[in-house]
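*Asks:* Structure supplied as my_file14.cif; contents: mmCIF, C-alpha atoms.
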```
data_run
#
loop_
_atom_site.group_PDB
_atom_site.id
_atom_site.type_symbol
_atom_site.label_atom_id
_atom_site.label_comp_id
_atom_site.auth_asym_id
_atom_site.auth_seq_id
_atom_site.Cartn_x
_atom_site.Cartn_y
_atom_site.Cartn_z
ATOM 1 C CA MET A 22 -6.351 30.898 -20.944
ATOM 2 C CA THR A 23 -3.360 28.546 -20.690
ATOM 3 C CA ALA A 24 -4.526 27.426 -17.260
ATOM 4 C CA ASP A 25 -7.983 26.624 -18.667
ATOM 5 C CA ILE A 26 -6.501 24.556 -21.490
ATOM 6 C CA LEU A 27 -4.221 22.679 -19.110
ATOM 7 C CA GLY A 28 -7.091 22.204 -16.671
ATOM 8 C CA THR A 29 -8.964 20.315 -19.389
ATOM 9 C CA ALA A 30 -6.097 18.650 -21.252
ATOM 10 C CA VAL A 31 -4.068 17.259 -18.349
ATOM 11 C CA PRO A 32 -6.912 15.274 -16.683
ATOM 12 C CA LEU A 33 -8.021 14.029 -20.112
ATOM 13 C CA LEU A 34 -4.511 12.871 -21.058
ATOM 14 C CA SER A 35 -3.937 11.357 -17.637
ATOM 15 C CA SER A 36 -7.199 9.414 -17.930
ATOM 16 C CA SER A 37 -6.241 8.375 -21.481
ATOM 17 C CA LEU A 38 -2.961 6.937 -20.199
ATOM 18 C CA ARG A 39 -4.678 4.962 -17.435
ATOM 19 C CA LEU A 40 -7.247 3.526 -19.844
ATOM 20 C CA SER A 41 -4.490 2.600 -22.314
ATOM 21 C CA VAL A 42 -2.504 0.453 -19.879
ATOM 22 C CA PRO A 43 -4.406 -2.863 -20.330
ATOM 23 C CA LEU A 44 -4.430 -2.290 -24.095
ATOM 24 C CA ILE A 45 -0.655 -1.749 -24.181
ATOM 25 C CA PHE A 46 0.045 -4.934 -22.212
ATOM 26 C CA ALA A 47 -2.409 -7.009 -24.266
ATOM 27 C CA CYS A 48 -1.288 -5.583 -27.599
ATOM 28 C CA LEU A 49 2.360 -6.359 -26.833
ATOM 29 C CA ALA A 50 1.308 -9.832 -25.691
ATOM 30 C CA GLY A 51 -0.273 -10.437 -29.080
ATOM 31 C CA LEU A 52 2.823 -9.033 -30.770
ATOM 32 C CA TRP A 53 5.160 -11.477 -29.024
ATOM 33 C CA SER A 54 2.953 -14.470 -29.736
ATOM 34 C CA GLU A 55 2.132 -13.652 -33.340
ATOM 35 C CA ARG A 56 5.684 -12.645 -34.212
ATOM 36 C CA ALA A 57 6.605 -16.180 -33.147
ATOM 37 C CA GLY A 58 3.968 -17.573 -35.493
ATOM 38 C CA ILE A 59 1.159 -18.308 -33.012
ATOM 39 C CA PHE A 60 -2.024 -16.322 -33.603
ATOM 40 C CA ASP A 61 -3.611 -15.410 -30.317
ATOM 41 C CA ILE A 62 -7.237 -14.316 -30.189
ATOM 42 C CA GLY A 63 -7.374 -15.555 -26.600
ATOM 43 C CA LEU A 64 -5.981 -12.308 -25.169
ATOM 44 C CA GLU A 65 -9.410 -11.429 -23.813
ATOM 45 C CA GLY A 66 -9.738 -14.720 -21.943
ATOM 46 C CA LYS A 67 -6.258 -14.570 -20.454
ATOM 47 C CA MET A 68 -6.850 -11.015 -19.252
ATOM 48 C CA LEU A 69 -10.156 -12.062 -17.708
ATOM 49 C CA ILE A 70 -8.810 -15.076 -15.822
ATOM 50 C CA ALA A 71 -5.840 -12.995 -14.632
ATOM 51 C CA ALA A 72 -8.185 -10.258 -13.403
ATOM 52 C CA PHE A 73 -10.211 -12.777 -11.409
ATOM 53 C CA ALA A 74 -7.227 -14.638 -9.978
ATOM 54 C CA SER A 75 -5.408 -11.464 -8.955
ATOM 55 C CA ALA A 76 -8.491 -9.959 -7.291
ATOM 56 C CA ALA A 77 -9.220 -13.196 -5.415
ATOM 57 C CA ALA A 78 -5.604 -13.568 -4.259
ATOM 58 C CA ALA A 79 -5.294 -9.905 -3.304
ATOM 59 C CA TYR A 80 -8.507 -10.139 -1.274
ATOM 60 C CA ALA A 81 -7.358 -13.308 0.501
ATOM 61 C CA SER A 82 -3.816 -12.135 1.224
ATOM 62 C CA GLY A 83 -4.241 -8.382 1.478
ATOM 63 C CA SER A 84 -1.291 -7.942 -0.893
ATOM 64 C CA ALA A 85 -1.453 -6.508 -4.414
ATOM 65 C CA TRP A 86 1.860 -8.162 -5.261
ATOM 66 C CA ILE A 87 0.562 -11.616 -4.367
ATOM 67 C CA GLY A 88 -2.459 -10.782 -6.494
ATOM 68 C CA LEU A 89 -0.140 -9.915 -9.367
ATOM 69 C CA GLY A 90 1.664 -13.244 -9.007
ATOM 70 C CA ALA A 91 -1.634 -15.129 -9.018
ATOM 71 C CA GLY A 92 -2.849 -13.218 -12.067
ATOM 72 C CA ILE A 93 0.321 -14.001 -14.021
ATOM 73 C CA ALA A 94 0.190 -17.670 -12.964
ATOM 74 C CA ALA A 95 -3.442 -18.038 -14.073
ATOM 75 C CA SER A 96 -2.732 -16.362 -17.391
ATOM 76 C CA LEU A 97 0.308 -18.592 -17.941
ATOM 77 C CA VAL A 98 -1.803 -21.724 -17.444
ATOM 78 C CA PHE A 99 -4.191 -20.590 -20.169
ATOM 79 C CA ALA A 100 -1.274 -19.530 -22.389
ATOM 80 C CA LEU A 101 0.321 -22.952 -21.995
ATOM 81 C CA ALA A 102 -2.975 -24.630 -22.921
ATOM 82 C CA HIS A 103 -3.169 -22.512 -26.071
ATOM 83 C CA GLY A 104 0.497 -23.177 -26.818
ATOM 84 C CA PHE A 105 0.097 -26.927 -26.379
ATOM 85 C CA ALA A 106 -2.914 -26.971 -28.727
ATOM 86 C CA ALA A 107 -1.098 -24.869 -31.342
ATOM 87 C CA ILE A 108 2.436 -26.282 -31.118
ATOM 88 C CA GLU A 109 2.196 -29.877 -29.907
ATOM 89 C CA ALA A 110 -1.273 -30.873 -31.144
ATOM 90 C CA ARG A 111 -0.981 -28.662 -34.267
ATOM 91 C CA GLY A 112 -4.579 -27.611 -33.791
ATOM 92 C CA ASN A 113 -6.396 -24.671 -35.274
ATOM 93 C CA GLN A 114 -5.135 -21.615 -33.399
ATOM 94 C CA ILE A 115 -8.351 -19.653 -33.897
ATOM 95 C CA VAL A 116 -10.366 -22.474 -32.338
ATOM 96 C CA SER A 117 -8.048 -22.842 -29.335
ATOM 97 C CA GLY A 118 -7.990 -19.064 -28.820
ATOM 98 C CA THR A 119 -11.786 -18.990 -28.886
ATOM 99 C CA ALA A 120 -11.855 -21.855 -26.395
ATOM 100 C CA VAL A 121 -9.616 -19.862 -24.069
ATOM 101 C CA ASN A 122 -12.037 -16.921 -24.198
ATOM 102 C CA LEU A 123 -15.115 -19.063 -23.578
ATOM 103 C CA LEU A 124 -13.475 -21.061 -20.787
ATOM 104 C CA ALA A 125 -12.304 -17.920 -18.988
ATOM 105 C CA ALA A 126 -15.731 -16.267 -19.203
ATOM 106 C CA GLY A 127 -17.513 -19.339 -17.861
ATOM 107 C CA LEU A 128 -14.939 -20.228 -15.236
ATOM 108 C CA THR A 129 -14.692 -16.774 -13.678
ATOM 109 C CA ALA A 130 -18.471 -16.386 -13.444
ATOM 110 C CA THR A 131 -19.056 -19.872 -12.042
ATOM 111 C CA VAL A 132 -16.176 -20.006 -9.572
ATOM 112 C CA GLY A 133 -16.689 -16.399 -8.513
ATOM 113 C CA ASN A 134 -20.343 -17.019 -7.716
ATOM 114 C CA ALA A 135 -19.569 -20.271 -5.906
ATOM 115 C CA TRP A 136 -16.858 -18.703 -3.762
ATOM 116 C CA TYR A 137 -18.348 -15.322 -2.926
ATOM 117 C CA GLY A 138 -22.064 -15.532 -3.811
ATOM 118 C CA GLN A 139 -22.054 -12.054 -5.351
ATOM 119 C CA GLY A 140 -23.076 -12.906 -8.910
ATOM 120 C CA GLY A 141 -19.538 -13.681 -10.039
ATOM 121 C CA ARG A 142 -17.950 -10.631 -8.424
ATOM 122 C CA THR A 143 -15.172 -10.754 -5.889
ATOM 123 C CA PRO A 144 -15.463 -8.727 -2.662
ATOM 124 C CA GLN A 145 -14.200 -5.158 -2.780
ATOM 125 C CA LEU A 146 -10.527 -4.648 -2.018
ATOM 126 C CA THR A 147 -10.758 -2.331 0.973
ATOM 127 C CA VAL A 148 -7.267 -2.885 2.391
ATOM 128 C CA PRO A 149 -4.922 -0.251 0.885
ATOM 129 C CA ALA A 150 -2.071 -2.766 0.446
ATOM 130 C CA SER A 151 -4.328 -5.024 -1.637
ATOM 131 C CA ARG A 152 -4.396 -2.471 -4.475
ATOM 132 C CA PHE A 153 -1.733 -0.739 -6.544
ATOM 133 C CA GLU A 154 -1.886 2.886 -5.508
ATOM 134 C CA GLY A 155 -0.510 5.876 -7.387
ATOM 135 C CA LEU A 156 3.143 6.782 -6.874
ATOM 136 C CA ALA A 157 4.023 10.401 -6.125
ATOM 137 C CA TRP A 158 7.253 11.380 -7.872
ATOM 138 C CA PRO A 159 9.866 13.437 -6.004
ATOM 139 C CA GLY A 160 8.929 17.116 -5.911
ATOM 140 C CA ALA A 161 5.450 16.571 -7.383
ATOM 141 C CA GLN A 162 3.776 18.433 -4.527
ATOM 142 C CA ALA A 163 6.436 21.128 -4.411
ATOM 143 C CA VAL A 164 5.916 22.140 -8.053
ATOM 144 C CA GLY A 165 2.123 21.819 -7.857
ATOM 145 C CA GLY A 166 1.644 25.584 -7.873
ATOM 146 C CA VAL A 167 4.061 26.285 -10.737
ATOM 147 C CA PRO A 168 2.220 27.242 -13.946
ATOM 148 C CA VAL A 169 2.347 24.674 -16.789
ATOM 149 C CA VAL A 170 5.094 22.543 -15.161
ATOM 150 C CA GLY A 171 3.068 21.851 -12.025
ATOM 151 C CA PRO A 172 -0.016 20.293 -13.658
ATOM 152 C CA ILE A 173 2.033 18.383 -16.237
ATOM 153 C CA TYR A 174 4.553 16.950 -13.775
ATOM 154 C CA GLY A 175 2.257 16.588 -10.785
ATOM 155 C CA ASP A 176 -0.881 15.232 -12.463
ATOM 156 C CA LEU A 177 0.245 13.740 -15.780
ATOM 157 C CA VAL A 178 3.758 12.377 -15.167
ATOM 158 C CA SER A 179 3.395 11.591 -11.456
ATOM 159 C CA GLY A 180 0.585 9.830 -9.624
ATOM 160 C CA HIS A 181 0.173 6.619 -11.633
ATOM 161 C CA ASP A 182 0.620 3.148 -10.209
ATOM 162 C CA VAL A 183 3.649 0.960 -10.857
ATOM 163 C CA LEU A 184 1.903 -1.106 -13.562
ATOM 164 C CA THR A 185 1.307 2.025 -15.644
ATOM 165 C CA TYR A 186 5.012 2.862 -15.704
ATOM 166 C CA LEU A 187 5.819 -0.795 -16.330
ATOM 167 C CA ALA A 188 3.511 -0.804 -19.368
ATOM 168 C CA LEU A 189 5.344 2.193 -20.830
ATOM 169 C CA LEU A 190 8.727 0.598 -20.069
ATOM 170 C CA THR A 191 7.686 -2.655 -21.746
ATOM 171 C CA VAL A 192 7.441 -0.939 -25.142
ATOM 172 C CA PRO A 193 11.122 0.059 -25.543
ATOM 173 C CA LEU A 194 12.143 -3.219 -23.920
ATOM 174 C CA THR A 195 10.122 -5.146 -26.501
ATOM 175 C CA ALA A 196 11.554 -3.088 -29.337
ATOM 176 C CA PHE A 197 15.107 -3.632 -28.072
ATOM 177 C CA VAL A 198 14.747 -7.380 -27.633
ATOM 178 C CA LEU A 199 12.982 -7.879 -30.958
ATOM 179 C CA TYR A 200 15.347 -5.807 -33.091
ATOM 180 C CA ARG A 201 18.644 -5.773 -31.176
ATOM 181 C CA THR A 202 19.092 -9.257 -29.741
ATOM 182 C CA ARG A 203 19.703 -12.731 -31.146
ATOM 183 C CA PHE A 204 16.587 -14.062 -29.424
ATOM 184 C CA GLY A 205 14.470 -11.356 -31.054
ATOM 185 C CA LEU A 206 15.936 -12.138 -34.473
ATOM 186 C CA ARG A 207 15.171 -15.818 -34.035
ATOM 187 C CA LEU A 208 11.639 -15.105 -32.812
ATOM 188 C CA ARG A 209 10.880 -12.874 -35.799
ATOM 189 C CA ALA A 210 12.404 -15.417 -38.152
ATOM 190 C CA THR A 211 10.269 -18.173 -36.632
ATOM 191 C CA GLY A 212 7.147 -16.185 -37.460
ATOM 192 C CA GLU A 213 8.280 -15.696 -41.044
ATOM 193 C CA ASN A 214 10.151 -18.861 -42.002
ATOM 194 C CA PRO A 215 10.344 -21.554 -39.316
ATOM 195 C CA ALA A 216 11.989 -24.030 -41.690
ATOM 196 C CA ALA A 217 15.017 -21.735 -42.051
ATOM 197 C CA VAL A 218 15.244 -21.378 -38.267
ATOM 198 C CA ASP A 219 15.065 -25.149 -37.907
ATOM 199 C CA THR A 220 17.790 -25.608 -40.531
ATOM 200 C CA ALA A 221 20.035 -23.287 -38.491
ATOM 201 C CA GLY A 222 19.710 -25.675 -35.559
ATOM 202 C CA VAL A 223 17.357 -23.523 -33.481
ATOM 203 C CA SER A 224 14.322 -25.101 -31.827
ATOM 204 C CA VAL A 225 11.179 -23.708 -33.459
ATOM 205 C CA ARG A 226 9.148 -25.327 -30.716
ATOM 206 C CA GLY A 227 11.166 -23.606 -27.995
ATOM 207 C CA ILE A 228 10.977 -20.193 -29.651
ATOM 208 C CA ARG A 229 7.226 -20.464 -30.142
ATOM 209 C CA TYR A 230 6.678 -21.528 -26.551
ATOM 210 C CA SER A 231 8.780 -18.545 -25.464
ATOM 211 C CA GLY A 232 6.550 -16.157 -27.417
ATOM 212 C CA VAL A 233 3.387 -17.744 -26.029
ATOM 213 C CA LEU A 234 4.667 -17.596 -22.432
ATOM 214 C CA ILE A 235 5.767 -13.965 -22.713
ATOM 215 C CA ALA A 236 2.276 -13.212 -23.999
ATOM 216 C CA GLY A 237 0.862 -14.993 -20.966
ATOM 217 C CA VAL A 238 2.924 -12.896 -18.566
ATOM 218 C CA LEU A 239 1.869 -9.645 -20.261
ATOM 219 C CA CYS A 240 -1.802 -10.657 -20.200
ATOM 220 C CA GLY A 241 -1.339 -11.351 -16.498
ATOM 221 C CA PHE A 242 -0.183 -7.754 -16.015
ATOM 222 C CA ALA A 243 -3.122 -6.472 -18.073
ATOM 223 C CA GLY A 244 -5.737 -8.416 -16.121
ATOM 224 C CA THR A 245 -4.208 -7.544 -12.762
ATOM 225 C CA TYR A 246 -4.199 -3.880 -13.656
ATOM 226 C CA LEU A 247 -7.932 -4.017 -14.389
ATOM 227 C CA SER A 248 -9.003 -5.559 -11.082
ATOM 228 C CA VAL A 249 -6.265 -4.534 -8.634
ATOM 229 C CA GLY A 250 -5.071 -1.235 -10.107
ATOM 230 C CA GLN A 251 -7.861 0.448 -12.038
ATOM 231 C CA ALA A 252 -10.726 -1.082 -10.022
ATOM 232 C CA ALA A 253 -11.040 -2.457 -6.513
ATOM 233 C CA GLY A 254 -12.116 -5.987 -7.324
ATOM 234 C CA PHE A 255 -13.302 -8.254 -10.118
ATOM 235 C CA LEU A 256 -16.538 -7.757 -12.042
ATOM 236 C CA THR A 257 -18.002 -10.314 -14.436
ATOM 237 C CA GLY A 258 -16.871 -9.542 -17.991
ATOM 238 C CA MET A 259 -14.826 -6.563 -16.822
ATOM 239 C CA THR A 260 -12.401 -6.827 -19.767
ATOM 240 C CA ALA A 261 -15.309 -5.614 -21.964
ATOM 241 C CA GLY A 262 -13.678 -6.516 -25.264
ATOM 242 C CA LYS A 263 -10.302 -4.914 -24.496
ATOM 243 C CA GLY A 264 -8.522 -8.047 -25.700
ATOM 244 C CA PHE A 265 -10.148 -7.706 -29.104
ATOM 245 C CA ILE A 266 -9.440 -3.960 -29.236
ATOM 246 C CA ALA A 267 -5.800 -4.805 -28.470
ATOM 247 C CA LEU A 268 -5.802 -7.238 -31.391
ATOM 248 C CA ALA A 269 -7.232 -4.493 -33.604
ATOM 249 C CA ALA A 270 -4.495 -2.147 -32.369
ATOM 250 C CA LEU A 271 -1.893 -4.797 -33.183
ATOM 251 C CA VAL A 272 -3.122 -5.078 -36.761
ATOM 252 C CA PHE A 273 -3.378 -1.282 -37.054
ATOM 253 C CA ALA A 274 0.227 -1.028 -35.828
ATOM 254 C CA LYS A 275 1.278 -3.755 -38.250
ATOM 255 C CA TRP A 276 2.919 -5.867 -35.535
ATOM 256 C CA ARG A 277 5.446 -3.167 -34.488
ATOM 257 C CA PRO A 278 5.991 -2.043 -30.855
ATOM 258 C CA TRP A 279 6.134 1.751 -31.105
ATOM 259 C CA PRO A 280 3.129 2.097 -33.444
ATOM 260 C CA ALA A 281 1.346 -0.299 -31.100
ATOM 261 C CA LEU A 282 1.948 2.117 -28.228
ATOM 262 C CA ALA A 283 0.664 5.058 -30.273
ATOM 263 C CA THR A 284 -2.441 3.135 -31.337
ATOM 264 C CA CYS A 285 -3.246 2.016 -27.791
ATOM 265 C CA LEU A 286 -2.846 5.592 -26.533
ATOM 266 C CA LEU A 287 -5.226 6.716 -29.283
ATOM 267 C CA PHE A 288 -7.824 4.145 -28.276
ATOM 268 C CA GLY A 289 -7.357 5.132 -24.626
ATOM 269 C CA PHE A 290 -7.898 8.761 -25.566
ATOM 270 C CA LEU A 291 -11.116 7.886 -27.403
ATOM 271 C CA ASP A 292 -12.318 5.980 -24.354
ATOM 272 C CA ALA A 293 -11.474 8.852 -22.018
ATOM 273 C CA ALA A 294 -13.130 11.380 -24.317
ATOM 274 C CA ALA A 295 -16.278 9.226 -24.437
ATOM 275 C CA ILE A 296 -16.442 9.188 -20.632
ATOM 276 C CA ARG A 297 -16.088 12.946 -20.470
ATOM 277 C CA LEU A 298 -18.765 13.462 -23.131
ATOM 278 C CA GLN A 299 -21.413 11.686 -21.049
ATOM 279 C CA GLY A 300 -24.132 14.132 -20.102
ATOM 280 C CA THR A 301 -22.951 16.693 -22.666
ATOM 281 C CA ILE A 302 -25.722 18.780 -24.223
ATOM 282 C CA VAL A 303 -25.419 19.012 -28.034
ATOM 283 C CA ALA A 304 -27.143 21.953 -29.703
ATOM 284 C CA GLY A 305 -30.231 20.831 -31.618
ATOM 285 C CA ILE A 306 -30.042 17.272 -30.241
ATOM 286 C CA GLY A 307 -30.025 17.621 -26.489
ATOM 287 C CA GLU A 308 -28.272 15.228 -24.160
ATOM 288 C CA VAL A 309 -26.613 12.416 -26.059
ATOM 289 C CA PRO A 310 -27.674 8.968 -24.755
ATOM 290 C CA VAL A 311 -25.056 7.337 -22.536
ATOM 291 C CA GLN A 312 -25.178 4.158 -24.643
ATOM 292 C CA ALA A 313 -24.227 6.110 -27.763
ATOM 293 C CA ILE A 314 -21.300 7.725 -25.964
ATOM 294 C CA GLN A 315 -20.106 4.396 -24.579
ATOM 295 C CA ALA A 316 -20.221 2.848 -28.052
ATOM 296 C CA LEU A 317 -18.143 5.681 -29.530
ATOM 297 C CA PRO A 318 -14.681 4.107 -28.965
ATOM 298 C CA TYR A 319 -15.786 0.834 -30.582
ATOM 299 C CA ILE A 320 -17.351 2.632 -33.548
ATOM 300 C CA LEU A 321 -14.249 4.739 -34.044
ATOM 301 C CA THR A 322 -12.105 1.598 -33.753
ATOM 302 C CA VAL A 323 -13.960 0.093 -36.704
ATOM 303 C CA VAL A 324 -13.733 3.366 -38.649
ATOM 304 C CA LEU A 325 -9.996 3.676 -38.052
ATOM 305 C CA LEU A 326 -9.332 0.077 -39.011
ATOM 306 C CA ALA A 327 -11.513 0.278 -42.098
ATOM 307 C CA GLY A 328 -10.337 3.658 -43.291
ATOM 308 C CA PHE A 329 -6.733 4.128 -42.268
ATOM 309 C CA ILE A 330 -5.074 0.768 -41.763
ATOM 310 C CA GLY A 331 -3.827 0.379 -45.324
ATOM 311 C CA ARG A 332 -2.183 -2.939 -46.145
ATOM 312 C CA ALA A 333 -1.259 -4.969 -43.081
ATOM 313 C CA VAL A 334 0.695 -8.158 -43.707
ATOM 314 C CA PRO A 335 0.874 -10.564 -40.752
ATOM 315 C CA PRO A 336 3.884 -12.843 -40.142
ATOM 316 C CA LYS A 337 3.974 -15.271 -43.056
ATOM 317 C CA ALA A 338 4.025 -18.405 -40.910
ATOM 318 C CA GLY A 339 1.455 -17.074 -38.465
ATOM 319 C CA GLY A 340 -1.275 -19.590 -37.672
ATOM 320 C CA ILE A 341 0.485 -22.398 -39.530
ATOM 321 C CA PRO A 342 1.588 -25.389 -37.417
ATOM 322 C CA TYR A 343 5.207 -26.353 -38.037
ATOM 323 C CA THR A 344 6.184 -29.950 -38.668
ATOM 324 C CA LYS A 345 9.868 -30.765 -38.502
ATOM 325 C CA GLU A 346 11.088 -32.513 -41.642
ATOM 326 C CA ARG A 347 12.800 -35.854 -41.134
#
```
In structure tokens, write the structure found in this file.
*Replies:*
Amino acid sequence: MTADILGTAVPLLSSSLRLSVPLIFACLAGLWSERAGIFDIGLEGKMLIAAFASAAAAYASGSAWIGLGAGIAASLVFALAHGFAAIEARGNQIVSGTAVNLLAAGLTATVGNAWYGQGGRTPQLTVPASRFEGLAWPGAQAVGGVPVVGPIYGDLVSGHDVLTYLALLTVPLTAFVLYRTRFGLRLRATGENPAAVDTAGVSVRGIRYSGVLIAGVLCGFAGTYLSVGQAAGFLTGMTAGKGFIALAALVFAKWRPWPALATCLLFGFLDAAAIRLQGTIVAGIGEVPVQAIQALPYILTVVLLAGFIGRAVPPKAGGIPYTKER
């Protein structure tokens, strides 16, 4: 009985974790940017351009790590463009974030088709070194036959790629920096009251650029994971709204790191459950259409946000350009 439960639960939880990774990176990216006072609805676009750049670089070089560097660099360029529009030009942050999404969608499809002639896709990454493979932890095979411990350690804890563990490590690191360091205090204060930070002699501009750039790096990880870790190449529109789901998770978590992790894991679990439910026969209904199953995570996202979010208050200075008083 226990073996049957573990045989179902462990693969489901392992799949949930893998599907949560891009959400965790993107949600934390939004947290860093918005805590600094810069609203960022361009997470989707930065993930998409990073996914394309990393897949193209990994294919050309045969190295997943070079692909990761290219993905982060591409995401940083878009993050800097958004930061310049929001901080220097004092533009509308929603408009610039939307522009980032539209530019990334058009650019990846056009350049991808021009380079490879496969409808915007990149060639498949067939060289093992061009992808992030799962890491086997010490003793994972040795304990494989041990009841309970074997499946949990061998299939749930071990076997994920390096970006998965990095995503989990980024959560406590974010919490530590935000709540235990001077930089984190200044970043949070900039999102709430930039005038007070300016009065204390701290550069609001510098802090906001720092938040935007950290968000760019994290979106680079998220996009690279999609095309070089989870998949073996880039597909047009492969982010499939994950940037917006990450934003929803950020609001649901009320801009806090640990609740953000829990929310992303929940959304990953819903996604994994939807995949497993495909082809399931429901008594009295028959086989549920695949489209209905695929829409389930998005429907439940709306239900959760509408029914359980409660009152979520964003950073007070979020989305408001700061002008230094003379």
*Asks:* Can you tell me how far CA of Leu27 in chain A sits from CA of Ala188 in chain A, in Å to one decimal?
*Replies:*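 Distance between the two atoms: 24.7 Å.
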*Asks:* Can you turn the PyMOL selection byres ((chain A and resi 233-236) around 9) into a concrete residue list for this file, as a VMD selection string?
*Replies:* chain A and resid 46 to 47 49 to 55 57 59 61 64 96 to 97 100 to 101 103 to 104 228 to 232 237 to 241
*Asks:* Measure the distance from CA of Ala150 in chain A to CA of Ile70 in chain A in Å and round it to one decimal.
*Replies:*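 Distance between the two atoms: 21.5 Å.
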*Asks:* Extract, using all atoms listed in the file, all DNA, RNA and protein residues at most 9 Å from range 190-202 of chain A, discarding same-chain residues fewer than 5 positions from it, and format them as a short mmCIF file (atom, residue, chain, number, x, y, z; two decimals) with C-alpha atoms, keeping the file's coordinate frame.
*Replies:*
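Full text of part-v6.cif as output:
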```cif
data_model
loop_
_atom_site.label_atom_id
_atom_site.label_comp_id
_atom_site.auth_asym_id
_atom_site.auth_seq_id
_atom_site.Cartn_x
_atom_site.Cartn_y
_atom_site.Cartn_z
CA ILE A 45 -0.66 -1.75 -24.18
CA PHE A 46 0.04 -4.93 -22.21
CA LEU A 49 2.36 -6.36 -26.83
CA TRP A 53 5.16 -11.48 -29.02
CA THR A 185 1.31 2.02 -15.64
CA ARG A 207 15.17 -15.82 -34.03
CA LEU A 208 11.64 -15.10 -32.81
CA ARG A 209 10.88 -12.87 -35.80
CA ARG A 277 5.45 -3.17 -34.49
CA PRO A 278 5.99 -2.04 -30.86
CA TRP A 279 6.13 1.75 -31.10
CA ALA A 281 1.35 -0.30 -31.10
CA LEU A 282 1.95 2.12 -28.23
#
```
*Asks:* When distances are computed from all atoms listed in the file, which of A:Ala85, A:Val31, A:Ile26, A:Ile266 shows the smallest separation from Ser179 in chain A?
*Replies:*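 That would be A:Val31, the residue with the smallest distance to Ser179 in chain A.
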*Asks:* Here is a test: counting only C-alpha atoms, which residue of A:Val132, A:Val249, A:Ala338, A:Ala269 is nearest to Val323 in chain A?
*Replies:*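 Nearest candidate to Val323 in chain A out of A:Val132, A:Val249, A:Ala338, A:Ala269: A:Ala269.
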*Asks:* Which of these residues is nearest to Leu89 in chain A, using only C-alpha atoms: A:Leu156, A:Ala294, A:Leu184, A:Met259?
*Replies:*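 Looking only at the distances to Leu89 in chain A, the closest residue turns out to be A:Leu184.
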*Asks:* Leaving out Val225 in chain A and any residue of its chain fewer than 4 positions from it, which residues lie within 7 Å of it when counting all atoms listed in the file, given as a short mmCIF file (atom, residue, chain, number, x, y, z; two decimals) with C-alpha atoms, keeping the file's coordinate frame?
*Replies:*
```cif
data_model
loop_
_atom_site.label_atom_id
_atom_site.label_comp_id
_atom_site.auth_asym_id
_atom_site.auth_seq_id
_atom_site.Cartn_x
_atom_site.Cartn_y
_atom_site.Cartn_z
CA THR A 211 10.27 -18.17 -36.63
CA PRO A 215 10.34 -21.55 -39.32
CA VAL A 218 15.24 -21.38 -38.27
CA ASP A 219 15.06 -25.15 -37.91
CA ARG A 229 7.23 -20.46 -30.14
#
```
*Asks:* Assuming the chain letters and numbering stay as they are in my file, what does the PyMOL selection byres ((chain A and resi 147) around 10) actually select? List them as a PyMOL selection string.
*Replies:* chain A and resi 80+83+144-146+148-152+253-254
*Asks:* Give me, as a ChimeraX atom specification, all polymer residues having an atom no more than 10 Å from Ala157 in chain A, counting all atoms listed in the file and skipping those fewer than 2 positions away in the same chain.
*Replies:* /A:154-155,159-162,175-176,178-182
*Asks:* Could you work out how far CA of Ala293 in chain A lies from CA of Arg39 in chain A, giving the answer in Å with one decimal?
*Replies:*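 One can read the CA of Arg39 in chain A to CA of Ala293 in chain A distance as 9.1 Å.
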*Asks:* Would you please work out which residue, of A:Ala210, A:Ile87, A:Ala295, A:Leu44, is nearest to Pro336 in chain A when using only C-alpha atoms?
*Replies:*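 Closest candidate: A:Ala210.
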*Asks:* Find, counting all atoms listed in the file, the residue in A:Thr284, A:Thr257, A:Thr344, A:Asn134 that gets nearest to Ser41 in chain A.
*Replies:*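 The closest residue to Ser41 in chain A is A:Thr284.
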*Asks:* Which is closest to Cys48 in chain A among A:Lys275, A:Lys345, A:Arg203, A:Arg111, if we use all atoms listed in the file?
*Replies:*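 Result for the nearest residue to Cys48 in chain A: A:Lys275.
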*Asks:* Suppose a student applies the PyMOL selection byres ((chain A and resi 289) around 7) to this structure; what residues should they get, written as a PyMOL selection string?
*Replies:* chain A and resi 37-38+40-41+285-288+290-293
*Asks:* Could you rebuild range 188-194 of chain A with N, CA and C atoms and give it back as a PDB file, in the frame of the given file?
*Replies:*
```pdb
ATOM      1  N   ALA A 188       4.055  -0.663 -18.015  1.00  0.00           N
ATOM      2  CA  ALA A 188       3.511  -0.804 -19.368  1.00  0.00           C
ATOM      3  C   ALA A 188       4.286   0.061 -20.356  1.00  0.00           C
ATOM      4  N   LEU A 189       4.586   1.297 -19.947  1.00  0.00           N
ATOM      5  CA  LEU A 189       5.344   2.193 -20.830  1.00  0.00           C
ATOM      6  C   LEU A 189       6.774   1.692 -21.027  1.00  0.00           C
ATOM      7  N   LEU A 190       7.366   1.115 -19.969  1.00  0.00           N
ATOM      8  CA  LEU A 190       8.727   0.598 -20.069  1.00  0.00           C
ATOM      9  C   LEU A 190       8.792  -0.656 -20.945  1.00  0.00           C
ATOM     10  N   THR A 191       7.699  -1.410 -20.977  1.00  0.00           N
ATOM     11  CA  THR A 191       7.686  -2.655 -21.746  1.00  0.00           C
ATOM     12  C   THR A 191       7.817  -2.398 -23.251  1.00  0.00           C
ATOM     13  N   VAL A 192       7.389  -1.235 -23.697  1.00  0.00           N
ATOM     14  CA  VAL A 192       7.441  -0.939 -25.142  1.00  0.00           C
ATOM     15  C   VAL A 192       8.886  -0.841 -25.648  1.00  0.00           C
ATOM     16  N   PRO A 193       9.728   0.035 -25.063  1.00  0.00           N
ATOM     17  CA  PRO A 193      11.122   0.059 -25.543  1.00  0.00           C
ATOM     18  C   PRO A 193      11.852  -1.252 -25.289  1.00  0.00           C
ATOM     19  N   LEU A 194      11.504  -1.933 -24.201  1.00  0.00           N
ATOM     20  CA  LEU A 194      12.143  -3.219 -23.920  1.00  0.00           C
ATOM     21  C   LEU A 194      11.792  -4.236 -25.019  1.00  0.00           C
TER      22      LEU A 194
END
```
